[in-house]
file protein.pdb (PDB, C-alpha atoms)
ATOM      1  CA  MET A   1     -14.789   6.410  52.818
ATOM      2  CA  ILE A   2     -14.017   9.089  50.238
ATOM      3  CA  ALA A   3     -10.654  10.844  50.176
ATOM      4  CA  PRO A   4     -10.283  13.101  47.106
ATOM      5  CA  PRO A   5      -6.781  13.157  45.577
ATOM      6  CA  LEU A   6      -4.738  16.348  45.446
ATOM      7  CA  GLU A   7      -3.952  16.070  41.711
ATOM      8  CA  ALA A   8      -6.394  14.665  39.169
ATOM      9  CA  ILE A   9      -6.171  13.530  35.555
ATOM     10  CA  ALA A  10      -9.954  13.469  35.254
ATOM     11  CA  SER A  11     -12.686  15.383  37.038
ATOM     12  CA  VAL A  12     -16.347  14.397  37.129
ATOM     13  CA  VAL A  13     -18.884  16.706  38.756
ATOM     14  CA  ASN A  14     -22.545  15.839  39.435
ATOM     15  CA  LEU A  15     -22.751  13.505  36.440
ATOM     16  CA  THR A  16     -26.099  11.849  35.736
ATOM     17  CA  VAL A  17     -26.608   9.382  32.865
ATOM     18  CA  ARG A  18     -29.932   7.765  32.033
ATOM     19  CA  TYR A  19     -30.953   5.134  29.506
ATOM     20  CA  GLY A  20     -34.684   5.743  29.213
ATOM     21  CA  ARG A  21     -36.089   5.236  32.695
ATOM     22  CA  PHE A  22     -32.952   3.513  33.968
ATOM     23  CA  THR A  23     -30.388   5.700  35.755
ATOM     24  CA  ALA A  24     -26.862   4.334  35.253
ATOM     25  CA  LEU A  25     -25.049   7.167  37.063
ATOM     26  CA  GLN A  26     -26.720   9.413  39.612
ATOM     27  CA  ASP A  27     -25.175  12.763  40.603
ATOM     28  CA  PHE A  28     -21.745  11.134  40.327
ATOM     29  CA  SER A  29     -18.663  13.150  41.294
ATOM     30  CA  VAL A  30     -15.056  11.961  41.454
ATOM     31  CA  GLN A  31     -11.505  13.222  41.030
ATOM     32  CA  VAL A  32      -9.332  10.566  39.366
ATOM     33  CA  PRO A  33      -5.696  10.693  40.568
ATOM     34  CA  LYS A  34      -2.592  10.126  38.480
ATOM     35  CA  GLY A  35      -1.047   6.666  38.300
ATOM     36  CA  CYS A  36      -2.863   3.347  37.982
ATOM     37  CA  VAL A  37      -6.408   3.501  39.373
ATOM     38  CA  GLY A  38      -8.844   0.629  39.812
ATOM     39  CA  LEU A  39     -12.489   1.211  38.945
ATOM     40  CA  LEU A  40     -14.404  -1.345  40.989
ATOM     41  CA  GLY A  41     -18.039  -2.265  41.282
ATOM     42  CA  PRO A  42     -20.513  -5.114  40.835
ATOM     43  CA  ASN A  43     -21.829  -5.885  37.367
ATOM     44  CA  GLY A  44     -24.256  -3.133  36.372
ATOM     45  CA  ALA A  45     -22.765  -0.630  38.821
ATOM     46  CA  GLY A  46     -22.095   1.944  36.091
ATOM     47  CA  LYS A  47     -18.370   1.405  35.414
ATOM     48  CA  THR A  48     -18.647   0.973  31.640
ATOM     49  CA  THR A  49     -21.160   3.814  31.395
ATOM     50  CA  LEU A  50     -18.668   6.088  33.153
ATOM     51  CA  ILE A  51     -15.936   5.120  30.677
ATOM     52  CA  LYS A  52     -18.208   5.687  27.677
ATOM     53  CA  THR A  53     -19.287   9.050  29.049
ATOM     54  CA  LEU A  54     -15.701  10.152  29.635
ATOM     55  CA  LEU A  55     -14.940   9.362  25.989
ATOM     56  CA  GLY A  56     -17.983  11.235  24.713
ATOM     57  CA  PHE A  57     -19.777   8.117  23.471
ATOM     58  CA  VAL A  58     -22.681   8.734  25.860
ATOM     59  CA  THR A  59     -24.253  12.145  26.445
ATOM     60  CA  PRO A  60     -24.973  12.789  30.126
ATOM     61  CA  THR A  61     -28.336  14.060  31.301
ATOM     62  CA  ALA A  62     -26.595  16.447  33.701
ATOM     63  CA  GLY A  63     -23.168  17.279  35.069
ATOM     64  CA  THR A  64     -19.717  17.883  33.594
ATOM     65  CA  ALA A  65     -16.479  15.985  33.070
ATOM     66  CA  THR A  66     -12.946  16.885  32.033
ATOM     67  CA  ILE A  67      -9.974  14.681  31.091
ATOM     68  CA  LEU A  68      -6.413  15.979  30.988
ATOM     69  CA  GLY A  69      -7.808  19.505  31.065
ATOM     70  CA  HIS A  70     -10.239  19.012  28.163
ATOM     71  CA  SER A  71     -14.028  19.169  28.451
ATOM     72  CA  VAL A  72     -15.630  15.854  27.562
ATOM     73  CA  GLN A  73     -18.762  17.578  26.278
ATOM     74  CA  LYS A  74     -17.051  20.354  24.294
ATOM     75  CA  GLU A  75     -13.712  18.848  23.259
ATOM     76  CA  GLY A  76     -14.518  15.194  22.630
ATOM     77  CA  ALA A  77     -12.121  14.851  19.675
ATOM     78  CA  LYS A  78      -9.180  16.203  21.694
ATOM     79  CA  VAL A  79     -10.041  13.874  24.568
ATOM     80  CA  ARG A  80     -10.096  10.813  22.298
ATOM     81  CA  GLN A  81      -6.745  11.788  20.753
ATOM     82  CA  ARG A  82      -5.125  11.712  24.189
ATOM     83  CA  VAL A  83      -6.958   8.691  25.611
ATOM     84  CA  GLY A  84      -6.650   5.037  24.644
ATOM     85  CA  LEU A  85      -9.539   2.590  25.148
ATOM     86  CA  MET A  86      -9.282  -1.154  25.510
ATOM     87  CA  PRO A  87     -12.959  -2.176  25.381
ATOM     88  CA  GLU A  88     -14.386  -5.249  27.062
ATOM     89  CA  GLN A  89     -15.798  -6.647  23.789
ATOM     90  CA  ASP A  90     -13.700  -7.608  20.754
ATOM     91  CA  CYS A  91     -13.232  -4.667  18.409
ATOM     92  CA  HIS A  92     -11.246  -5.991  15.440
ATOM     93  CA  LEU A  93     -12.308  -5.630  11.811
ATOM     94  CA  PRO A  94     -12.694  -8.933   9.905
ATOM     95  CA  GLY A  95     -10.202  -9.481   7.081
ATOM     96  CA  MET A  96      -7.507  -7.231   8.550
ATOM     97  CA  SER A  97      -4.113  -8.439   9.697
ATOM     98  CA  ALA A  98      -2.878  -7.348  13.110
ATOM     99  CA  ILE A  99      -0.520  -4.736  11.659
ATOM    100  CA  GLU A 100      -3.240  -3.338   9.370
ATOM    101  CA  PHE A 101      -5.747  -3.122  12.195
ATOM    102  CA  VAL A 102      -3.462  -1.403  14.702
ATOM    103  CA  ALA A 103      -2.101   1.019  12.096
ATOM    104  CA  TYR A 104      -5.676   1.855  11.078
ATOM    105  CA  ALA A 105      -6.505   2.593  14.721
ATOM    106  CA  GLY A 106      -3.579   5.002  14.769
ATOM    107  CA  GLU A 107      -4.846   6.768  11.658
ATOM    108  CA  LEU A 108      -8.297   7.088  13.187
ATOM    109  CA  ALA A 109      -6.637   8.879  16.101
ATOM    110  CA  GLY A 110      -5.141  11.402  13.679
ATOM    111  CA  MET A 111      -1.689   9.946  13.002
ATOM    112  CA  PRO A 112      -0.116  10.203   9.516
ATOM    113  CA  GLN A 113      -0.175   6.840   7.700
ATOM    114  CA  ALA A 114       3.581   6.207   7.805
ATOM    115  CA  GLN A 115       3.838   7.140  11.469
ATOM    116  CA  ALA A 116       0.841   4.967  12.347
ATOM    117  CA  LEU A 117       2.402   1.966  10.574
ATOM    118  CA  ARG A 118       5.761   2.444  12.279
ATOM    119  CA  ARG A 119       4.116   2.822  15.659
ATOM    120  CA  ALA A 120       1.909  -0.236  15.040
ATOM    121  CA  HIS A 121       5.017  -2.405  14.616
ATOM    122  CA  GLU A 122       6.377  -1.063  17.900
ATOM    123  CA  VAL A 123       3.258  -1.644  20.020
ATOM    124  CA  LEU A 124       2.617  -5.104  18.555
ATOM    125  CA  GLU A 125       6.164  -6.087  19.488
ATOM    126  CA  TYR A 126       5.690  -4.619  22.958
ATOM    127  CA  SER A 127       2.368  -6.451  23.401
ATOM    128  CA  GLY A 128       3.909  -9.809  22.500
ATOM    129  CA  LEU A 129       2.346 -10.072  19.031
ATOM    130  CA  GLY A 130       5.403  -9.246  16.920
ATOM    131  CA  GLU A 131       5.587 -12.680  15.319
ATOM    132  CA  SER A 132       1.859 -12.671  14.536
ATOM    133  CA  ARG A 133       1.574  -9.174  13.072
ATOM    134  CA  TYR A 134       0.666 -10.401   9.577
ATOM    135  CA  ARG A 135      -1.957 -12.932  10.691
ATOM    136  CA  LYS A 136      -5.658 -12.161  10.346
ATOM    137  CA  VAL A 137      -7.010 -11.019  13.692
ATOM    138  CA  GLU A 138     -10.017 -13.352  13.518
ATOM    139  CA  THR A 139      -7.603 -16.321  13.701
ATOM    140  CA  PHE A 140      -6.211 -15.137  17.042
ATOM    141  CA  SER A 141      -6.803 -16.913  20.333
ATOM    142  CA  THR A 142      -8.660 -15.138  23.158
ATOM    143  CA  GLY A 143      -5.396 -14.099  24.779
ATOM    144  CA  MET A 144      -4.032 -12.696  21.523
ATOM    145  CA  LYS A 145      -7.252 -10.753  20.906
ATOM    146  CA  GLN A 146      -6.909  -9.179  24.346
ATOM    147  CA  ARG A 147      -3.341  -8.177  23.516
ATOM    148  CA  ILE A 148      -4.276  -6.608  20.192
ATOM    149  CA  LYS A 149      -6.981  -4.591  21.937
ATOM    150  CA  LEU A 150      -4.249  -3.280  24.202
ATOM    151  CA  ALA A 151      -1.992  -2.570  21.219
ATOM    152  CA  GLN A 152      -4.615  -0.527  19.366
ATOM    153  CA  ALA A 153      -5.272   1.462  22.552
ATOM    154  CA  LEU A 154      -1.563   2.307  22.824
ATOM    155  CA  VAL A 155      -0.723   3.009  19.189
ATOM    156  CA  HIS A 156      -1.311   6.779  19.235
ATOM    157  CA  GLY A 157       0.697   7.395  22.415
ATOM    158  CA  PRO A 158      -2.121   8.252  24.851
ATOM    159  CA  LYS A 159      -1.554   9.918  28.210
ATOM    160  CA  LEU A 160      -4.490   8.035  29.735
ATOM    161  CA  LEU A 161      -5.401   4.403  29.111
ATOM    162  CA  LEU A 162      -8.890   3.077  29.888
ATOM    163  CA  LEU A 163      -8.937  -0.707  30.282
ATOM    164  CA  ASP A 164     -12.367  -2.347  30.523
ATOM    165  CA  GLU A 165     -12.033  -5.876  31.965
ATOM    166  CA  PRO A 166      -8.535  -6.380  30.460
ATOM    167  CA  THR A 167      -8.156  -9.986  31.703
ATOM    168  CA  ASN A 168     -11.579 -11.102  30.492
ATOM    169  CA  GLY A 169     -11.470 -14.722  29.281
ATOM    170  CA  LEU A 170      -7.758 -15.236  29.958
ATOM    171  CA  ASP A 171      -6.232 -18.345  31.517
ATOM    172  CA  PRO A 172      -3.996 -17.915  34.606
ATOM    173  CA  ARG A 173      -0.808 -17.520  32.568
ATOM    174  CA  GLY A 174      -2.409 -15.072  30.148
ATOM    175  CA  ARG A 175      -3.875 -13.090  33.045
ATOM    176  CA  GLU A 176      -0.482 -12.741  34.727
ATOM    177  CA  GLU A 177       1.150 -11.644  31.454
ATOM    178  CA  MET A 178      -1.544  -9.015  30.892
ATOM    179  CA  LEU A 179      -1.199  -7.699  34.445
ATOM    180  CA  LYS A 180       2.574  -7.493  33.968
ATOM    181  CA  LEU A 181       2.041  -5.373  30.836
ATOM    182  CA  ILE A 182      -0.360  -3.070  32.691
ATOM    183  CA  ARG A 183       2.124  -2.599  35.535
ATOM    184  CA  ASP A 184       4.906  -1.813  33.080
ATOM    185  CA  ILE A 185       2.768   0.712  31.173
ATOM    186  CA  SER A 186       1.842   2.492  34.384
ATOM    187  CA  LEU A 187       5.281   2.488  35.985
ATOM    188  CA  HIS A 188       7.643   2.925  33.023
ATOM    189  CA  LYS A 189       5.751   4.391  30.048
ATOM    190  CA  ASP A 190       4.491   7.638  31.612
ATOM    191  CA  VAL A 191       0.878   6.639  30.964
ATOM    192  CA  ASN A 192      -1.949   6.997  33.473
ATOM    193  CA  VAL A 193      -4.211   3.940  33.620
ATOM    194  CA  ILE A 194      -7.766   3.287  34.757
ATOM    195  CA  VAL A 195      -8.507  -0.435  35.122
ATOM    196  CA  SER A 196     -12.210  -1.269  35.234
ATOM    197  CA  SER A 197     -12.690  -4.749  36.651
ATOM    198  CA  HIS A 198     -14.732  -6.869  39.007
ATOM    199  CA  ILE A 199     -11.676  -9.058  39.764
ATOM    200  CA  LEU A 200     -10.206  -7.580  42.921
ATOM    201  CA  ARG A 201      -6.959  -9.563  42.752
ATOM    202  CA  ASP A 202      -6.192  -7.956  39.383
ATOM    203  CA  ILE A 203      -6.710  -4.508  40.899
ATOM    204  CA  GLU A 204      -4.486  -5.295  43.890
ATOM    205  CA  LYS A 205      -1.681  -6.423  41.565
ATOM    206  CA  THR A 206      -1.746  -3.381  39.276
ATOM    207  CA  CYS A 207      -3.218  -0.328  41.006
ATOM    208  CA  GLU A 208      -2.194   2.093  43.730
ATOM    209  CA  SER A 209      -5.695   3.434  44.381
ATOM    210  CA  VAL A 210      -9.302   2.507  43.742
ATOM    211  CA  ILE A 211     -12.667   4.086  42.997
ATOM    212  CA  VAL A 212     -15.688   2.004  43.992
ATOM    213  CA  VAL A 213     -18.991   2.505  42.170
ATOM    214  CA  VAL A 214     -22.206   0.958  43.488
ATOM    215  CA  LYS A 215     -25.594   1.530  41.838
ATOM    216  CA  GLY A 216     -24.286   4.503  39.885
ATOM    217  CA  GLN A 217     -22.831   6.318  42.893
ATOM    218  CA  LEU A 218     -19.355   6.781  44.356
ATOM    219  CA  LYS A 219     -19.094   4.671  47.506
ATOM    220  CA  MET A 220     -15.388   4.632  48.293
ATOM    221  CA  GLN A 221     -12.139   6.145  47.034
ATOM    222  CA  GLY A 222      -8.556   6.126  48.225
ATOM    223  CA  SER A 223      -5.187   4.406  48.099
ATOM    224  CA  ILE A 224      -5.243   0.638  48.497
ATOM    225  CA  ARG A 225      -2.824   0.995  51.403
ATOM    226  CA  ASP A 226      -5.209   3.301  53.278
ATOM    227  CA  LEU A 227      -8.343   1.324  52.458
ATOM    228  CA  THR A 228      -6.870  -1.986  53.634
ATOM    229  CA  ARG A 229      -5.461  -0.571  56.865
ATOM    230  CA  ILE A 230      -7.114  -1.878  60.039
ATOM    231  CA  GLN A 231      -7.894   0.645  62.770
ATOM    232  CA  GLY A 232      -5.539   0.319  65.687
ATOM    233  CA  HIS A 233      -2.716  -1.277  63.648
ATOM    234  CA  PRO A 234      -2.937  -4.861  64.950
ATOM    235  CA  VAL A 235       0.085  -7.104  64.381
ATOM    236  CA  ASP A 236       0.181 -10.588  62.848
ATOM    237  CA  VAL A 237       2.783 -12.918  64.353
ATOM    238  CA  GLU A 238       3.928 -16.346  63.179
ATOM    239  CA  LEU A 239       5.968 -18.569  65.478
ATOM    240  CA  LYS A 240       8.109 -21.523  64.452
ATOM    241  CA  GLU A 241       5.712 -23.738  66.420
ATOM    242  CA  PRO A 242       2.680 -23.251  68.704
ATOM    243  CA  SER A 243       3.543 -21.895  72.166
ATOM    244  CA  PRO A 244       0.852 -21.488  74.863
ATOM    245  CA  THR A 245       3.512 -20.128  77.240
ATOM    246  CA  TRP A 246       4.337 -17.367  74.740
ATOM    247  CA  GLN A 247       0.652 -16.433  74.608
ATOM    248  CA  GLU A 248       0.602 -16.245  78.403
ATOM    249  CA  ALA A 249       3.686 -14.005  78.329
ATOM    250  CA  ILE A 250       1.975 -11.796  75.748
ATOM    251  CA  VAL A 251      -1.132 -11.393  77.914
ATOM    252  CA  ARG A 252       1.002 -10.553  80.970
ATOM    253  CA  ARG A 253       2.382  -7.598  79.024
ATOM    254  CA  GLY A 254      -1.110  -6.197  78.457
ATOM    255  CA  ILE A 255      -1.308  -7.212  74.799
ATOM    256  CA  THR A 256      -4.672  -8.508  73.589
ATOM    257  CA  ILE A 257      -4.759 -11.704  71.524
ATOM    258  CA  VAL A 258      -7.426 -10.918  68.929
ATOM    259  CA  SER A 259      -7.210 -14.372  67.362
ATOM    260  CA  ALA A 260      -4.895 -17.359  67.527
ATOM    261  CA  GLU A 261      -4.626 -20.535  65.476
ATOM    262  CA  ARG A 262      -1.782 -23.025  65.800
ATOM    263  CA  ASN A 263       1.446 -21.030  65.448
ATOM    264  CA  LYS A 264      -0.161 -17.784  64.248
ATOM    265  CA  ALA A 265      -1.765 -14.962  66.229
ATOM    266  CA  ARG A 266      -3.152 -11.493  65.696
ATOM    267  CA  LEU A 267      -2.282  -9.129  68.521
ATOM    268  CA  GLN A 268      -3.623  -5.715  69.507
ATOM    269  CA  HIS A 269      -2.036  -3.149  71.820
ATOM    270  CA  GLU A 270      -2.593   0.541  72.420
ATOM    271  CA  ALA A 271       1.147   1.300  72.242
ATOM    272  CA  PRO A 272       2.860   2.260  68.952
ATOM    273  CA  THR A 273       3.719  -0.667  66.655
ATOM    274  CA  GLU A 274       7.448  -0.401  67.425
ATOM    275  CA  VAL A 275       6.794  -0.775  71.156
ATOM    276  CA  THR A 276       4.433  -3.714  70.615
ATOM    277  CA  THR A 277       7.014  -5.405  68.379
ATOM    278  CA  LYS A 278       9.695  -5.080  71.051
ATOM    279  CA  MET A 279       7.370  -6.632  73.648
ATOM    280  CA  ILE A 280       6.548  -9.536  71.296
ATOM    281  CA  PHE A 281      10.234 -10.443  70.930
ATOM    282  CA  GLU A 282      10.830 -10.002  74.668
ATOM    283  CA  ALA A 283       8.023 -12.477  75.369
ATOM    284  CA  ALA A 284       9.524 -14.916  72.865
ATOM    285  CA  ARG A 285      12.971 -14.744  74.472
ATOM    286  CA  GLU A 286      11.431 -15.189  77.909
ATOM    287  CA  VAL A 287       9.794 -18.533  77.049
ATOM    288  CA  GLY A 288      12.210 -19.744  74.380
ATOM    289  CA  ALA A 289       9.827 -19.305  71.445
ATOM    290  CA  GLU A 290      11.047 -18.384  67.955
ATOM    291  CA  VAL A 291       9.298 -15.654  65.949
ATOM    292  CA  ARG A 292       9.295 -16.615  62.264
ATOM    293  CA  GLY A 293       7.284 -13.689  60.873
ATOM    294  CA  LEU A 294       5.786 -10.371  61.998
ATOM    295  CA  SER A 295       3.804  -7.774  60.062
ATOM    296  CA  VAL A 296       1.246  -5.040  60.583
ATOM    297  CA  ALA A 297      -2.127  -6.670  59.958
ATOM    298  CA  THR A 298      -4.241  -5.514  57.017
ATOM    299  CA  LYS A 299      -7.552  -6.522  55.564
ATOM    300  CA  SER A 300      -7.826  -7.587  51.952
ATOM    301  CA  LEU A 301      -9.187  -5.274  49.282
ATOM    302  CA  GLU A 302     -12.081  -7.711  48.981
ATOM    303  CA  GLU A 303     -12.927  -7.242  52.660
ATOM    304  CA  ALA A 304     -12.810  -3.453  52.280
ATOM    305  CA  PHE A 305     -14.965  -3.687  49.144
ATOM    306  CA  LEU A 306     -17.571  -5.924  50.783
ATOM    307  CA  GLU A 307     -17.848  -3.536  53.744
ATOM    308  CA  VAL A 308     -18.995  -0.849  51.320
ATOM    309  CA  VAL A 309     -21.174  -2.992  49.045
ATOM    310  CA  HIS A 310     -23.144  -4.690  51.820
TER
END
call {"tool": "encode", "arguments": {"input": "protein.pdb", "output": "structure tokens"}}
result
Amino acid sequence: MIAPPLEAIASVVNLTVRYGRFTALQDFSVQVPKGCVGLLGPNGAGKTTLIKTLLGFVTPTAGTATILGHSVQKEGAKVRQRVGLMPEQDCHLPGMSAIEFVAYAGELAGMPQAQALRRAHEVLEYSGLGESRYRKVETFSTGMKQRIKLAQALVHGPKLLLLDEPTNGLDPRGREEMLKLIRDISLHKDVNVIVSSHILRDIEKTCESVIVVVKGQLKMQGSIRDLTRIQGHPVDVELKEPSPTWQEAIVRRGITIVSAERNKARLQHEAPTEVTTKMIFEAAREVGAEVRGLSVATKSLEEAFLEVVH
């Protein structure tokens, strides 16, 4: 399922990247929408290669790419000034304190020294490392090293942030804190974000849309809401307690019980959802059952992903 967005922050057309005889991306085309976008795929699918190519670190065999209106092949320096990268691997320089390292990253992006230092203080505070800014980076824990990678990616005020496995190695608390930062950056800092990850729960918590890459090719693209929608709009119902008589009343109304377990059931009907909902409550009143919860059924992002991968 591929549904190109109307407005794109990045455009990739017929991109092919090879490492010797191995083809990492094959005739790959995609339009990346604004907002927070998940880049999904199994290990070795080509996600990191795509990121490196978009930044000009890898020269494609064929095809073109643009980011924020700049050609990746012809305007690499301009692209890197407007894009922030949080790489999967640690990227700190031994012997540098956190403030020195982040300020240096700002200077590398073209910022004047004083401005880079001032901005480094700001992003370290925002990333939760304000109290550790003068510590050597090599003494940081895994969670702190992930945060400083985020800080150095933000220091120069990018319009697009590329995050490669941002929760890698984090414990549950650290993962939730990182995801909260990503959501805040996307929603409140006017920064577009691409999150490359193989952890689907992280994508569901942070992104509005996804791009799925499998064996170097685009396999699926669209909003998470659209991709997790089930054809026919079935309804999930939870009763206060199991009620066989309610199920009988449901069937009498021409509603199909797709599945039922204890006090929960998934129902399907050809009528609009509002009509089906009204019939569900009518059946409950008829037999004295109590409806505790009702929602339009969806499949998980993992289910949608597995449908494409397998």
call {"tool": "closest_residue", "arguments": {"input": "protein.pdb", "among": "A:Ala116, A:Ile255, A:Ala45, A:Met178", "to": "Pro234 (chain A)", "atoms": "all atoms listed in the file"}}
result
A:Ile255
call {"tool": "closest_residue", "arguments": {"input": "protein.pdb", "among": "A:Lys180, A:Lys278, A:Lys240, A:Ser259", "to": "Glu290 (chain A)", "atoms": "only C-alpha atoms"}}
result
A:Lys240
call {"tool": "residues_around", "arguments": {"input": "protein.pdb", "residues": "region 27-42 of chain A", "least_positions_apart": "3", "cutoff": "8 Å", "atoms": "all atoms listed in the file", "output": "PyMOL selection string"}}
result
chain A and resi 4-16+45-47+62-63+186-187+191-198+200+203+206-214+216-218
call {"tool": "resolve_selection", "arguments": {"input": "protein.pdb", "expression": "the PyMOL selection byres ((chain A and resi 300-307) around 7)", "output": "ChimeraX atom specification"}}
result
/A:200,227-228,298-299,308-310
call {"tool": "residues_around", "arguments": {"input": "protein.pdb", "residues": "Lys145 (chain A)", "least_positions_apart": "6", "cutoff": "9 Å", "atoms": "only C-alpha atoms", "output": "MDAnalysis selection string"}}
result
chainID A and resid 90:92 137:138
call {"tool": "closest_residue", "arguments": {"input": "protein.pdb", "among": "A:Pro87, A:Gly254, A:Gly143, A:Gly76", "to": "Gly56 (chain A)", "atoms": "all atoms listed in the file"}}
result
A:Gly76
call {"tool": "atom_distance", "arguments": {"input": "protein.pdb", "atom1": "CA of Glu176 (chain A)", "atom2": "CA of Thr139 (chain A)"}}
result
22.5 Å
call {"tool": "closest_residue", "arguments": {"input": "protein.pdb", "among": "A:Ile250, A:Leu160, A:Val275, A:Val155", "to": "Met111 (chain A)", "atoms": "only C-alpha atoms"}}
result
A:Val155
call {"tool": "resolve_selection", "arguments": {"input": "protein.pdb", "expression": "the PyMOL selection byres ((chain A and resi 132) around 12)", "output": "list in words"}}
result
Ser97, Ala98, Ile99, Glu100, His121, Leu124, Glu125, Ser127, Gly128, Leu129, Gly130, Glu131, Arg133, Tyr134, Arg135, Lys136, Val137, Glu138, Thr139, Phe140, Ser141, Met144, Lys145, Arg147 and Ile148 of chain A
call {"tool": "atom_distance", "arguments": {"input": "protein.pdb", "atom1": "CA of Lys149 (chain A)", "atom2": "CA of Val83 (chain A)"}}
result
13.8 Å
call {"tool": "resolve_selection", "arguments": {"input": "protein.pdb", "expression": "the PyMOL selection byres ((chain A and resi 289) around 10)", "output": "ChimeraX atom specification"}}
result
/A:239-246,281-288,290-292
call {"tool": "decode", "arguments": {"input": "protein.pdb", "residues": "region 119-132 of chain A", "atoms": "N, CA, C and O atoms", "output": "compact mmCIF listing (two decimals), in the first residue's frame"}}
result
# COMPACT_ATOMS: atom_id res chain seq x y z
N ARG A 119 24.13 28.15 22.28
CA ARG A 119 23.12 27.18 21.85
C ARG A 119 23.38 25.81 22.49
O ARG A 119 22.43 25.09 22.83
N ALA A 120 24.64 25.45 22.67
CA ALA A 120 24.97 24.17 23.29
C ALA A 120 24.42 24.09 24.72
O ALA A 120 23.89 23.06 25.14
N HIS A 121 24.54 25.18 25.47
CA HIS A 121 23.96 25.22 26.82
C HIS A 121 22.46 24.99 26.76
O HIS A 121 21.90 24.25 27.58
N GLU A 122 21.80 25.60 25.79
CA GLU A 122 20.35 25.49 25.68
C GLU A 122 19.91 24.06 25.37
O GLU A 122 18.99 23.53 26.01
N VAL A 123 20.54 23.43 24.38
CA VAL A 123 20.09 22.08 23.98
C VAL A 123 20.48 21.02 25.00
O VAL A 123 19.78 20.01 25.15
N LEU A 124 21.57 21.23 25.72
CA LEU A 124 21.93 20.28 26.78
C LEU A 124 20.92 20.35 27.92
O LEU A 124 20.52 19.33 28.49
N GLU A 125 20.48 21.56 28.24
CA GLU A 125 19.44 21.73 29.26
C GLU A 125 18.15 21.06 28.79
O GLU A 125 17.49 20.34 29.56
N TYR A 126 17.79 21.30 27.55
CA TYR A 126 16.56 20.73 26.99
C TYR A 126 16.63 19.20 26.97
O TYR A 126 15.62 18.52 27.23
N SER A 127 17.79 18.65 26.70
CA SER A 127 17.95 17.20 26.59
C SER A 127 18.11 16.51 27.95
O SER A 127 18.25 15.29 28.00
N GLY A 128 18.10 17.29 29.02
CA GLY A 128 18.22 16.69 30.35
C GLY A 128 19.64 16.48 30.82
O GLY A 128 19.87 15.72 31.77
N LEU A 129 20.60 17.16 30.19
CA LEU A 129 22.01 16.99 30.55
C LEU A 129 22.62 18.29 31.12
O LEU A 129 23.85 18.42 31.17
N GLY A 130 21.77 19.22 31.53
CA GLY A 130 22.27 20.50 32.02
C GLY A 130 23.24 20.37 33.18
O GLY A 130 24.28 21.05 33.22
N GLU A 131 22.96 19.47 34.11
CA GLU A 131 23.82 19.33 35.28
C GLU A 131 25.10 18.56 34.98
O GLU A 131 26.01 18.55 35.80
N SER A 132 25.16 17.93 33.82
CA SER A 132 26.34 17.12 33.46
C SER A 132 27.13 17.74 32.32
O SER A 132 27.98 17.07 31.73
